[in-house]
$ cat query23.txt   # compact mmCIF, C-alpha atoms
# COMPACT_ATOMS: atom_id res chain seq x y z
CA MET A 29 17.45 14.59 -1.54
CA SER A 30 16.53 13.93 -5.18
CA ARG A 31 16.19 17.07 -7.26
CA LEU A 32 12.99 15.57 -8.73
CA PHE A 33 11.15 15.88 -5.43
CA ASN A 34 13.16 18.79 -4.07
CA ASN A 35 10.92 21.42 -5.67
CA LYS A 36 7.98 20.27 -3.54
CA SER A 37 7.42 21.63 -0.06
CA TYR A 38 5.36 19.15 1.94
CA THR A 39 3.49 20.96 4.67
CA GLY A 40 -0.01 19.64 4.00
CA LYS A 41 -1.63 16.35 4.86
CA VAL A 42 -1.03 12.94 3.33
CA LEU A 43 -4.41 11.66 2.15
CA SER A 44 -4.89 7.91 1.87
CA PHE A 45 -7.73 6.83 -0.43
CA GLY A 46 -9.14 3.33 0.00
CA GLU A 47 -11.55 0.93 1.64
CA LEU A 48 -11.58 0.35 5.38
CA LEU A 49 -12.09 -3.32 6.22
CA LEU A 50 -12.48 -5.50 9.25
CA ARG A 51 -10.02 -8.41 9.25
CA PHE A 52 -11.11 -11.52 11.14
CA CYS A 53 -8.45 -14.07 12.04
CA PRO A 54 -9.75 -17.58 12.84
CA ASP A 55 -7.13 -20.01 14.14
CA VAL A 56 -6.11 -22.95 11.95
CA SER A 57 -7.58 -25.62 14.26
CA GLY A 58 -10.99 -23.97 14.57
CA LYS A 59 -10.79 -23.45 18.33
CA TRP A 60 -12.45 -20.06 17.88
CA LEU A 61 -15.72 -21.88 17.28
CA ASP A 62 -15.66 -23.33 20.80
CA SER A 63 -14.18 -20.30 22.54
CA LYS A 64 -16.54 -17.96 20.66
CA GLN A 65 -13.63 -15.53 20.31
CA LEU A 66 -12.32 -14.17 17.02
CA GLN A 67 -9.50 -11.66 16.61
CA VAL A 68 -10.50 -8.59 14.62
CA TYR A 69 -8.45 -5.70 13.23
CA ILE A 70 -9.49 -2.42 11.57
CA VAL A 71 -7.48 -2.56 8.35
CA GLY A 72 -7.09 -1.66 4.68
CA ALA A 73 -3.91 -1.21 2.65
CA GLU A 74 -4.27 2.56 2.52
CA LEU A 75 -5.40 2.82 6.14
CA ASN A 76 -2.31 0.86 7.17
CA VAL A 77 -0.22 3.59 5.52
CA SER A 78 -2.15 6.29 7.39
CA ASN A 79 -1.69 4.47 10.70
CA SER A 80 2.08 4.34 10.23
CA LEU A 81 2.42 7.95 9.13
CA ALA A 82 0.26 9.18 12.01
CA LEU A 83 2.40 7.21 14.45
CA TRP A 84 5.50 8.82 12.94
CA GLY A 85 4.12 12.32 13.33
CA LEU A 86 3.01 13.24 9.82
CA PRO A 87 -0.34 15.01 9.30
CA VAL A 88 -2.65 12.44 7.74
CA LYS A 89 -6.16 12.35 6.35
CA TYR A 90 -8.17 9.32 5.33
CA PHE A 91 -10.84 8.89 2.67
CA THR A 92 -13.18 5.91 2.75
CA ALA A 93 -16.91 5.20 2.83
CA LEU A 94 -18.76 3.70 5.79
CA PRO A 95 -22.38 3.13 6.77
CA ASN A 96 -23.73 5.56 9.34
CA ASN A 97 -24.30 3.40 12.42
CA ASP A 98 -23.01 2.74 15.93
CA LEU A 99 -20.27 0.37 14.70
CA THR A 100 -18.94 3.08 12.42
CA ILE A 101 -18.89 5.58 15.29
CA GLN A 102 -16.60 3.25 17.25
CA ILE A 103 -14.35 2.62 14.23
CA VAL A 104 -13.99 6.31 13.37
CA LYS A 105 -13.27 7.18 16.99
CA SER A 106 -10.40 4.67 17.01
CA LEU A 107 -8.91 6.35 13.93
CA GLN A 108 -9.23 9.79 15.48
CA ASN A 109 -7.47 8.53 18.61
CA LYS A 110 -4.48 7.72 16.40
CA GLY A 111 -4.36 11.29 15.09
CA ILE A 112 -5.97 10.60 11.72
CA ASP A 113 -8.16 13.31 10.19
CA THR A 114 -11.45 11.55 9.40
CA SER A 115 -13.27 14.55 7.91
CA ALA A 116 -13.06 13.09 4.38
CA ILE A 117 -14.94 9.89 5.28
CA GLN A 118 -18.19 9.53 3.33
CA TYR A 119 -21.23 8.09 5.08
CA GLY A 120 -23.79 5.93 3.32
CA GLY A 121 -24.55 2.39 2.31
CA THR A 122 -25.29 -0.49 4.65
CA ARG A 123 -22.14 -2.45 5.40
CA VAL A 124 -18.42 -2.45 6.13
CA GLY A 125 -16.25 -4.68 3.95
CA LEU A 126 -14.75 -7.75 5.61
CA TYR A 127 -12.09 -10.32 4.99
CA TYR A 128 -11.08 -13.48 6.78
CA LEU A 129 -7.47 -14.64 6.98
CA THR A 130 -6.52 -17.76 8.89
CA GLU A 131 -4.01 -16.93 11.62
CA ASN A 132 -0.30 -17.09 10.72
CA ASN A 133 -0.97 -17.00 6.96
CA ASP A 134 -0.69 -14.18 4.45
CA ILE A 135 -2.77 -12.96 1.54
CA LYS A 136 -0.99 -15.22 -0.94
CA HIS A 137 -2.62 -18.32 0.53
CA ASN A 138 -6.05 -19.92 0.18
CA ALA A 139 -6.65 -18.97 3.81
CA LEU A 140 -7.93 -15.61 2.51
CA VAL A 141 -11.68 -15.07 2.04
CA TYR A 142 -13.10 -11.70 0.94
CA ASP A 143 -16.57 -10.46 1.87
CA ARG A 144 -16.60 -7.00 0.30
CA ALA A 145 -19.47 -7.05 -2.19
CA ASN A 146 -21.97 -4.18 -1.79
CA SER A 147 -19.93 -2.48 0.91
CA ALA A 148 -20.31 1.27 1.36
CA PHE A 149 -16.99 1.84 -0.42
CA ALA A 150 -17.75 -0.56 -3.28
CA GLU A 151 -20.97 1.34 -3.97
CA LEU A 152 -19.23 4.68 -4.53
CA LYS A 153 -19.59 6.18 -8.00
CA PRO A 154 -18.06 9.09 -9.94
CA GLY A 155 -19.80 12.39 -9.40
CA MET A 156 -20.66 11.67 -5.77
CA ILE A 157 -17.68 13.36 -4.09
CA ASP A 158 -16.66 17.01 -3.74
CA TRP A 159 -12.95 16.53 -4.40
CA ASP A 160 -12.10 20.18 -3.78
CA LYS A 161 -13.30 19.70 -0.22
CA VAL A 162 -11.62 16.32 0.25
CA LEU A 163 -8.28 17.54 -1.14
CA GLU A 164 -8.23 20.77 0.85
CA GLY A 165 -4.93 21.09 2.73
CA VAL A 166 -3.51 17.94 1.09
CA SER A 167 0.07 17.74 -0.23
CA TRP A 168 0.23 14.02 -1.02
CA LEU A 169 -2.38 11.50 -2.22
CA HIS A 170 -1.86 7.76 -1.86
CA PHE A 171 -3.95 4.90 -3.25
CA SER A 172 -3.40 1.27 -4.18
CA ALA A 173 -4.32 -1.12 -6.97
CA ILE A 174 -6.76 -2.81 -4.61
CA CYS A 175 -9.30 0.00 -5.14
CA PRO A 176 -9.76 -0.30 -8.93
CA ALA A 177 -9.85 -4.09 -8.53
CA LEU A 178 -13.28 -3.87 -6.84
CA ASN A 179 -15.50 -2.78 -9.74
CA GLN A 180 -15.68 -0.38 -12.68
CA ASN A 181 -17.33 2.41 -10.69
CA VAL A 182 -14.55 2.45 -8.10
CA ALA A 183 -11.93 2.31 -10.87
CA ASP A 184 -13.60 5.36 -12.46
CA LEU A 185 -13.72 7.04 -9.05
CA CYS A 186 -9.96 6.48 -8.70
CA ARG A 187 -9.38 8.25 -11.99
CA GLU A 188 -11.64 11.10 -10.88
CA VAL A 189 -9.67 11.78 -7.69
CA LEU A 190 -6.33 11.39 -9.49
CA GLU A 191 -7.36 13.98 -12.09
CA ALA A 192 -8.49 16.36 -9.35
CA ALA A 193 -5.26 15.90 -7.38
CA SER A 194 -3.09 16.37 -10.47
CA LYS A 195 -4.77 19.69 -11.22
CA LYS A 196 -3.82 20.82 -7.72
CA ASN A 197 -0.18 19.69 -8.20
CA ILE A 198 -0.53 17.16 -5.37
CA THR A 199 2.11 14.41 -5.31
CA ILE A 200 0.53 11.02 -6.03
CA SER A 201 1.78 7.56 -5.08
CA VAL A 202 0.44 4.11 -5.89
CA ASP A 203 1.08 0.68 -4.44
CA MET A 204 0.60 -1.85 -7.23
CA ASN A 205 -0.49 -4.67 -4.94
CA TYR A 206 -2.14 -7.40 -6.98
CA ARG A 207 -5.10 -9.34 -5.55
CA ALA A 208 -6.24 -11.94 -8.09
CA LYS A 209 -9.38 -12.73 -6.09
CA LEU A 210 -10.63 -9.15 -6.50
CA TRP A 211 -10.33 -8.65 -10.26
CA GLN A 212 -13.64 -10.33 -11.06
CA TYR A 213 -15.71 -7.73 -12.94
CA GLY A 214 -14.56 -8.44 -16.49
CA LYS A 215 -11.52 -6.17 -16.62
CA SER A 216 -7.90 -7.23 -16.22
CA PRO A 217 -5.41 -5.04 -14.33
CA LEU A 218 -3.68 -4.33 -17.63
CA GLN A 219 -6.90 -2.78 -18.96
CA VAL A 220 -7.23 -0.46 -15.96
CA MET A 221 -3.97 0.32 -14.18
CA PRO A 222 -1.95 2.09 -16.93
CA ASP A 223 -4.68 4.74 -17.14
CA LEU A 224 -4.25 5.39 -13.41
CA VAL A 225 -0.47 5.04 -13.09
CA LYS A 226 -0.01 7.84 -15.64
CA TYR A 227 -1.01 10.30 -12.88
CA CYS A 228 1.54 8.98 -10.35
CA ASP A 229 4.82 10.49 -9.21
CA LEU A 230 5.90 7.45 -7.16
CA VAL A 231 5.15 3.85 -8.14
CA MET A 232 5.75 1.05 -5.67
CA GLY A 233 5.35 -2.68 -6.13
CA ASN A 234 7.52 -5.45 -7.53
CA ILE A 235 8.65 -6.62 -10.94
CA TRP A 236 5.87 -9.21 -11.16
CA ALA A 237 3.16 -6.64 -10.37
CA ALA A 238 4.58 -4.42 -13.12
CA GLU A 239 4.28 -7.35 -15.52
CA THR A 240 0.68 -8.11 -14.54
CA MET A 241 -0.56 -4.54 -14.35
CA LEU A 242 1.58 -2.59 -16.79
CA GLY A 243 2.65 -5.25 -19.29
CA ILE A 244 6.38 -4.89 -18.54
CA ASN A 245 7.66 -8.43 -18.99
CA VAL A 246 9.97 -10.20 -16.56
CA ILE A 247 12.56 -12.52 -18.11
CA PRO A 248 11.31 -16.13 -18.18
CA GLY A 249 12.74 -18.48 -15.58
CA ILE A 250 14.03 -15.66 -13.39
CA HIS A 251 13.65 -17.83 -10.27
CA GLU A 252 15.91 -20.59 -11.63
CA SER A 253 19.15 -18.89 -10.67
CA GLY A 254 17.89 -17.27 -7.48
CA LEU A 255 20.68 -14.73 -7.89
CA LYS A 256 20.18 -11.34 -6.31
CA SER A 257 22.12 -9.74 -9.17
CA ILE A 258 19.52 -11.02 -11.67
CA TYR A 259 16.63 -9.66 -9.59
CA LEU A 260 18.34 -6.28 -9.28
CA LYS A 261 18.96 -6.19 -13.02
CA GLU A 262 15.23 -6.81 -13.61
CA ALA A 263 14.34 -4.11 -11.07
CA LEU A 264 16.49 -1.66 -13.02
CA LYS A 265 14.96 -2.66 -16.36
CA THR A 266 11.39 -2.55 -15.03
CA SER A 267 11.90 0.80 -13.32
CA GLN A 268 13.36 2.36 -16.44
CA LYS A 269 10.43 1.15 -18.53
CA VAL A 270 7.88 2.44 -16.01
CA ILE A 271 9.37 5.93 -16.18
CA GLU A 272 9.67 5.71 -19.95
CA GLN A 273 6.00 4.74 -20.33
CA PHE A 274 4.71 7.13 -17.65
CA PRO A 275 6.60 10.45 -17.91
CA LYS A 276 4.98 11.92 -14.77
CA CYS A 277 6.58 9.17 -12.67
CA LYS A 278 9.73 10.30 -10.89
CA ALA A 279 10.61 7.25 -8.78
CA VAL A 280 9.95 3.50 -8.81
CA ALA A 281 10.35 1.24 -5.77
CA ASN A 282 10.45 -2.56 -5.81
CA THR A 283 10.32 -5.05 -2.97
CA PHE A 284 11.78 -8.55 -2.97
CA ARG A 285 10.48 -10.89 -0.27
CA PHE A 286 11.30 -14.55 -0.58
CA ASP A 287 9.39 -16.86 1.77
CA ALA A 288 10.34 -20.39 2.69
CA THR A 289 7.82 -21.30 5.41
CA ASN A 290 8.85 -18.73 8.04
CA ASP A 291 12.32 -18.15 6.63
CA ILE A 292 12.25 -14.71 5.05
CA LYS A 293 14.81 -12.95 2.89
CA TYR A 294 13.97 -9.32 2.18
CA TYR A 295 15.49 -6.40 0.28
CA THR A 296 14.26 -3.51 -1.86
CA THR A 297 15.23 -1.08 -4.60
CA LEU A 298 14.47 2.54 -5.46
CA TYR A 299 15.08 4.00 -8.92
CA ILE A 300 15.31 7.78 -9.12
CA ASP A 301 17.35 10.32 -11.09
CA LYS A 302 18.37 7.51 -13.50
CA GLN A 303 20.05 5.59 -10.69
CA LEU A 304 19.07 2.34 -8.95
CA TYR A 305 19.60 2.15 -5.19
CA ASN A 306 19.31 -1.16 -3.37
CA SER A 307 18.83 -1.68 0.33
CA GLY A 308 20.60 -3.85 2.85
CA GLU A 309 19.44 -7.47 2.98
CA TYR A 310 17.38 -8.74 5.90
CA GLU A 311 16.76 -12.34 6.96
CA THR A 312 14.75 -14.02 9.68
CA GLY A 313 13.50 -17.47 10.64
CA HIS A 314 10.69 -16.16 12.81
CA VAL A 315 7.66 -14.20 11.63
CA VAL A 316 4.67 -13.03 13.68
CA ASP A 317 2.44 -11.50 10.97
CA LYS A 318 3.26 -11.02 7.28
CA VAL A 319 0.26 -8.82 6.53
CA GLY A 320 0.94 -5.11 6.11
CA SER A 321 4.68 -5.27 5.52
CA GLY A 322 4.35 -3.78 2.03
CA ASP A 323 2.06 -1.04 3.35
CA CYS A 324 4.71 -0.21 5.94
CA PHE A 325 7.35 0.01 3.19
CA MET A 326 5.08 2.40 1.27
CA ALA A 327 4.59 4.51 4.40
CA GLY A 328 8.34 4.60 4.90
CA LEU A 329 8.89 5.91 1.38
CA ILE A 330 6.28 8.64 1.85
CA TYR A 331 7.76 9.57 5.23
CA GLY A 332 11.25 9.86 3.75
CA PHE A 333 10.24 11.92 0.72
CA TYR A 334 7.95 14.14 2.81
CA ASN A 335 10.84 14.92 5.19
CA LYS A 336 13.33 15.34 2.32
CA TYR A 337 15.66 12.54 3.40
CA GLU A 338 18.54 11.59 1.12
CA VAL A 339 17.58 8.83 -1.31
CA ASN A 340 19.57 6.07 0.39
CA GLU A 341 18.11 7.14 3.76
CA ILE A 342 14.58 6.95 2.36
CA LEU A 343 15.13 3.43 1.06
CA GLU A 344 16.84 2.10 4.17
CA PHE A 345 14.22 3.58 6.49
CA ALA A 346 11.35 2.14 4.45
CA THR A 347 13.02 -1.27 4.21
CA ALA A 348 13.75 -1.51 7.92
CA ALA A 349 10.19 -0.40 8.71
CA ALA A 350 8.75 -3.11 6.46
CA PHE A 351 11.00 -5.80 7.87
CA GLU A 352 10.26 -4.88 11.48
CA LYS A 353 6.54 -5.10 10.72
CA LEU A 354 6.97 -8.88 10.25
CA PHE A 355 7.37 -9.21 14.03
CA ILE A 356 4.23 -7.26 14.94
CA LYS A 357 0.72 -8.66 15.27
CA GLY A 358 -1.88 -6.94 13.11
CA ASP A 359 -1.72 -4.97 9.88
CA SER A 360 0.14 -1.83 11.03
CA THR A 361 3.47 -1.15 12.65
CA THR A 362 3.86 -0.03 16.24
CA LYS A 363 7.52 0.88 15.81
CA THR A 364 8.57 4.49 16.28
CA VAL A 365 10.88 6.36 13.92
CA ALA A 366 13.73 5.99 16.42
CA GLU A 367 13.18 2.24 16.75
CA ILE A 368 13.12 1.79 12.99
CA LYS A 369 16.30 3.79 12.48
CA LYS A 370 18.01 1.65 15.11
CA ALA A 371 17.00 -1.47 13.15
CA ILE A 372 18.55 -0.30 9.88
CA LYS A 373 21.36 -2.53 8.66
$ encode --input "query23.txt" --output "structure tokens"
Amino acid sequence: MSRLFNNKSYTGKVLSFGELLLRFCPDVSGKWLDSKQLQVYIVGAELNVSNSLALWGLPVKYFTALPNNDLTIQIVKSLQNKGIDTSAIQYGGTRVGLYYLTENNDIKHNALVYDRANSAFAELKPGMIDWDKVLEGVSWLHFSAICPALNQNVADLCREVLEAASKKNITISVDMNYRAKLWQYGKSPLQVMPDLVKYCDLVMGNIWAAETMLGINVIPGIHESGLKSIYLKEALKTSQKVIEQFPKCKAVANTFRFDATNDIKYYTTLYIDKQLYNSGEYETGHVVDKVGSGDCFMAGLIYGFYNKYEVNEILEFATAAAFEKLFIKGDSTTKTVAEIKKAIK
């Protein structure tokens, strides 16, 4: 296990901070209009992480905001049935955020439509939350770049919880997932994210997210060669610059997923203790659902660090978990720890 994380004893809960959403999945042909049936999932990048960690036996807690109504009661009950501590959920506002994603597509396509304005979570503001109470019994805090993309108040709220967690010496991780459709309130990611990443111990994303959100440039024309060695070299350079710019950061993880229709090539890296580790390479020509793979990778990293796995074990477990998620319907994995370990290359 890395000496950088070895001084932490993780016995408390992993708190995920983010917006709970309902994902509706209309089929491409529009048959749902005639059948009057529409698939729906209870989702959210941070909730997906909680779902995985709860399945794998870690103590988890979830922070979000929901209106106080009968729909919410059903949603919260479903989370509790998975073993998630829902005591940090804030109640208020009038609606749950939604998004629509045409079946068999992913969030990179135009098939994605957000309906999140004025949701209970989007209406949160600094000064509303008792962070001492929320962070009680917490050893690890996780959030994603989706939260500060919503509006300035939520971005300020993110900083508020990160400051509170840092004072309590809680390990903090961030997934730098970039959603261009969400950054619509006059601020660019580069104006917001560096001020939040400075609190983080573990940064996950990819080299292009680091360019967009942290200003760490990727060499022009990197896709021209398509060489894995070039991508790994950029992962090393980006990771080194992240740690140089943000001294609190101890580890940087990058994912590489190359899609050609349903043909997927996937591998990852983890930079820690001044060394770059890269995973085995996974390929498939058949994908069930691309959504949530990155969240599963993030959960795998947290699971490995929490349980003090060796660095290469952490990376391989997280990578296999993310890859296996591609064959599972919905946003969260259903694979057990044993099944994931069996799938490691």
$ residues_around --input "query23.txt" --residues "range 151-154 of chain A" --least-positions-apart "4" --cutoff "7 Å" --atoms "all atoms listed in the file" --output "VMD selection string"
chain A and resid 146 to 147 181 to 182 184 to 185 188
$ residues_around --input "query23.txt" --residues "range 296-308 of chain A" --least-positions-apart "4" --cutoff "7 Å" --atoms "only C-alpha atoms" --output "VMD selection string"
chain A and resid 30 264 267 278 to 284 340 343 to 344 347 373
$ atom_distance --input "query23.txt" --atom1 "CA of Val319 in chain A" --atom2 "CA of Gly358 in chain A"
7.2 Å
$ residues_around --input "query23.txt" --residues "Lys336 in chain A" --least-positions-apart "2" --cutoff "10 Å" --atoms "only C-alpha atoms" --output "PyMOL selection string"
chain A and resi 29-30+33-34+36-38+330-334+338-339+341-342
$ residues_around --input "query23.txt" --residues "Ala346 in chain A" --least-positions-apart "5" --cutoff "7 Å" --atoms "only C-alpha atoms" --output "list in words"
Phe325, Gly328 and Leu329 of chain A
$ write_last_selection --input "query23.txt" --atoms "C-alpha atoms" --output "short mmCIF file (atom, residue, chain, number, x, y, z; two decimals), in the frame of the given file"
data_model
loop_
_atom_site.label_atom_id
_atom_site.label_comp_id
_atom_site.auth_asym_id
_atom_site.auth_seq_id
_atom_site.Cartn_x
_atom_site.Cartn_y
_atom_site.Cartn_z
CA PHE A 325 7.35 0.01 3.19
CA GLY A 328 8.34 4.60 4.90
CA LEU A 329 8.89 5.91 1.38
#
$ closest_atom_pairs --input "query23.txt" --of "range 254-345 of chain A" --to "range 203-221 of chain A" --cutoff "9 Å" --atoms "only C-alpha atoms" --output "tab-separated table"
residue	atom	partner	partner_atom	distance
A:Gly322	CA	A:Asp203	CA	8.5
A:Asp323	CA	A:Asp203	CA	8.0
A:Met326	CA	A:Asp203	CA	7.2
